[in-house]
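Following: one structure in structure tokens, then a few remarks.
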Amino acid sequence: MKVLQANKFFFRNGGSEAVMFQEKAFLLKTGIEVIDFSMRDPRNSPSDYSDDFVSYQSYEGATGAGARIRSALKLIHSPEAVRNIGRLIDRTRPDIVHAHNIYHQLTPSIIGAAKRRGIPVVLTLHDYKPVCPVYTRLRQGQVCSDCLGGRFSNVVRHRCADGSLGKSALLYAEAWFQRLIGSYEQVDRLIAPSAFMHRSVTAHRFAPSQVEVIHNGIDCDAPPEASEDDGYALYLGRLSHEKGIETLLASHAGIADEVDLAIAGTGPLEEDIRARYPKARFLGHLTGDALRETIRRASLIVVPSEWLENCPMSVLEAMALGKPVVASDIGGIPELVLDGETGLLFQPGDRVALRDALTRLMRDPDLRHRQGLAARRRVEEHFSLKRHNSALLRLYQGLLKPVHAPDLLHASPQFSTPGE
């Protein structure tokens with residue numbers, strides 16, 4: 001079997017890339033050939049197919065009317081991406097094209113290029129782009145469902161893209177064009193990393209049978225590492241409004257003498273919140289062993305998101321290391337964190353409830369230990385990387401006739417999840 005993976009970034013830019021590289025490693029280990037398709041970027045990992053990647057595209061800072069128009073048209077439809085992936089498919093003849101994060105730099109138009117050549121297409125829904133032109137389901141910082149029914153003109157009416165009429169109109173044009181040519185509708189199977197995502201995209205646009213829930217996975221084959229508890233709560237992620245970082249810091253300000261809070265990450269709010277909340281410890285951007293060690297020594301992980309999180313890898317990473325999670329009861333998070341069992345949930349934006357959850361766990365080391373052990377068990381039973389890969393391989397096999405890959409793994413990925 002040959003699988004062509006398409007993603008606009010070919011370096012670890014976020015959760016979607018982490019999932020893609022995990023899947024690539026599994027496929028190669030299984031003996032399946034993987035063909036890469038992405039955008040050229042000096043940060044990219046090495047690839048034998050880099051000559052086929054599209055030119056680097058940045059949609060920030062284009063000057064002049066002509067440059068802005070050209071950038072806008074490439075955002076909606078990339079002739080270069082369609083041309084390059086077509087040549088790559090013709091040369092390598094993959095059995096399946098698996099698209100991840102492809103909009104803007106690659107554009108969903110590449111789906112049609114694969115389908116015209118008779119290649120089945122799988123698309124992982126790392127965000128809400130097919131049902132929300134701004135992809136986050138946020139309007140002026142608040143959760144929004146206005147476009148779920150296909151009324152994409154709402155993005156212009158509400159100026160959802162940074163309050164800009166021009167940006168919002170461009171995203172409306174993009175959504176309208178992709179629906180006109182039926183890019184997403186041509187996908188043979190969509191992967192929803194959470195049951196919440198499944199409900200969001202099947203409410204009006206896709207048939208439930210077209211979308212399969214396969215939660216993200218984390219490697220937990222090795223015995224759990226010896227966990228430390230150095231007495232601090234840890235936030236790891238982007239420092240931006242939708243992540244709830246301001247709610248967390250405001251909540252922590254009243255308990256700073258009791259709770260040590262460490263912040264790992266960077267983002268647009270960094271300079272402002274560093275100045276306003278000096279009692280928190282800002283660690284900057286951490287990766288690799290440094291990040292893992294910081295998680296391993298934390299007392300708990302806090303995820304105060306105020307947008308509809310899908311299946312955040314940060315939560316799975318924390319649970320795999322035996323850490324309880326204090327998190328917002330929003331999106332796909334309650335499918336991972338069981339309130340009172342593997343952590344504590346609170347209503348998004350509720351500073352008092354967040355404060356109470358933090359102080360409750362920080363005052364009770366035995367409770368933290370019990371919930372951390374339960375978190376590790378839950379990951380092993382429901383969110384292991386082996387389970388994820390088993391489901392992925394079965395999905396591929398189901399799309400191919402005759403089947404080209406052995407059924408190596410047998411555990412079912414399905415289990416019941418809480419309601420929306």
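If you're wondering about the labels, chains in the structure tokens are A, B, ... by order shown, residues count from 1 in each chain, ligands from 1 in order shown.
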
Fewer than 2 positions away in the same chain doesn't count, so skip those; otherwise give me all residues within 7 Å of segment 233-246 of chain A, counting only C-alpha atoms, as a count of residues only. 25

Find the spatial neighbours of segment 367-371 of chain A, counting only C-alpha atoms, within a cut-off of 10 Å - ignore same-chain residues fewer than 4 positions away - and output them as a PyMOL selection string. chain A and resi 227+229+299-300+319+322-325+338-344+360-363+375-377

Going by DSSP on the backbone, which bits of segment 201-417 of chain A are alpha helix (DSSP H)? Write them as a count of residues only, please. 84

Proximity to Arg351 of chain A - best of A:Gln5, A:Gly254, A:Glu23, A:Pro46, only C-alpha atoms: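 The closest residue to Arg351 of chain A is A:Gly254.
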
Contact residues around Glu33 of chain A with only C-alpha atoms at 9 Å, ignoring same-chain residues under 6 positions, as a ChimeraX atom specification: /A:1-4,27,94

Put those residues in a file: N, CA and C atoms, as a PDB file, in the first residue's frame.
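To be explicit, this is the file written out as part-v8.pdb:
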ATOM      1  N   MET A   1       0.847  -1.190   0.000  1.00  0.00           N
ATOM      2  CA  MET A   1       0.000   0.000   0.000  1.00  0.00           C
ATOM      3  C   MET A   1       0.886   1.246   0.000  1.00  0.00           C
ATOM      4  N   LYS A   2       0.421   2.271  -0.715  1.00  0.00           N
ATOM      5  CA  LYS A   2       1.079   3.578  -0.706  1.00  0.00           C
ATOM      6  C   LYS A   2       0.066   4.619  -0.236  1.00  0.00           C
ATOM      7  N   VAL A   3       0.492   5.491   0.688  1.00  0.00           N
ATOM      8  CA  VAL A   3      -0.368   6.551   1.203  1.00  0.00           C
ATOM      9  C   VAL A   3       0.318   7.888   0.982  1.00  0.00           C
ATOM     10  N   LEU A   4      -0.368   8.810   0.333  1.00  0.00           N
ATOM     11  CA  LEU A   4       0.133  10.168   0.182  1.00  0.00           C
ATOM     12  C   LEU A   4      -0.458  11.018   1.303  1.00  0.00           C
ATOM     13  N   LEU A  27       2.914   3.959   9.719  1.00  0.00           N
ATOM     14  CA  LEU A  27       2.749   3.384   8.391  1.00  0.00           C
ATOM     15  C   LEU A  27       4.074   2.839   7.866  1.00  0.00           C
ATOM     16  N   PRO A  94      -0.252   6.583  -5.556  1.00  0.00           N
ATOM     17  CA  PRO A  94      -0.665   6.157  -4.214  1.00  0.00           C
ATOM     18  C   PRO A  94      -2.022   5.468  -4.252  1.00  0.00           C
TER      19      PRO A  94
END

I want to know what sits within 10 Å of Glu225 of chain A, based on only C-alpha atoms, with residues of the same chain fewer than 2 positions away left out; could you give that as a list in words? Ala222, Pro223, Ser227, Glu228, Arg296, Ala320, Leu321 and Gly322 of chain A

Please identify all polymer residues within 8 Å of segment 153-169 of chain A, counting only C-alpha atoms, omitting same-chain residues fewer than 5 positions from it, and present them as a PDB file with C-alpha atoms, in the first residue's frame.
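Contents of the output file part.pdb:
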ATOM      1  CA  PRO A 133     -14.970  29.821   7.564  1.00  0.00           C
ATOM      2  CA  VAL A 134     -12.712  31.056  10.392  1.00  0.00           C
ATOM      3  CA  LEU A 138     -15.566  31.754  17.571  1.00  0.00           C
ATOM      4  CA  ARG A 139     -17.160  35.164  16.959  1.00  0.00           C
ATOM      5  CA  GLN A 140     -15.664  38.097  18.846  1.00  0.00           C
ATOM      6  CA  ASP A 146     -24.287  30.367  13.082  1.00  0.00           C
ATOM      7  CA  CYS A 147     -22.491  28.827  10.084  1.00  0.00           C
TER       8      CYS A 147
END

May I ask for the distance between atom CA of Cys132 of chain A and atom CA of Arg205 of chain A, given in Å to one decimal place?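 That distance, rounded to one decimal, is 11.2 Å.
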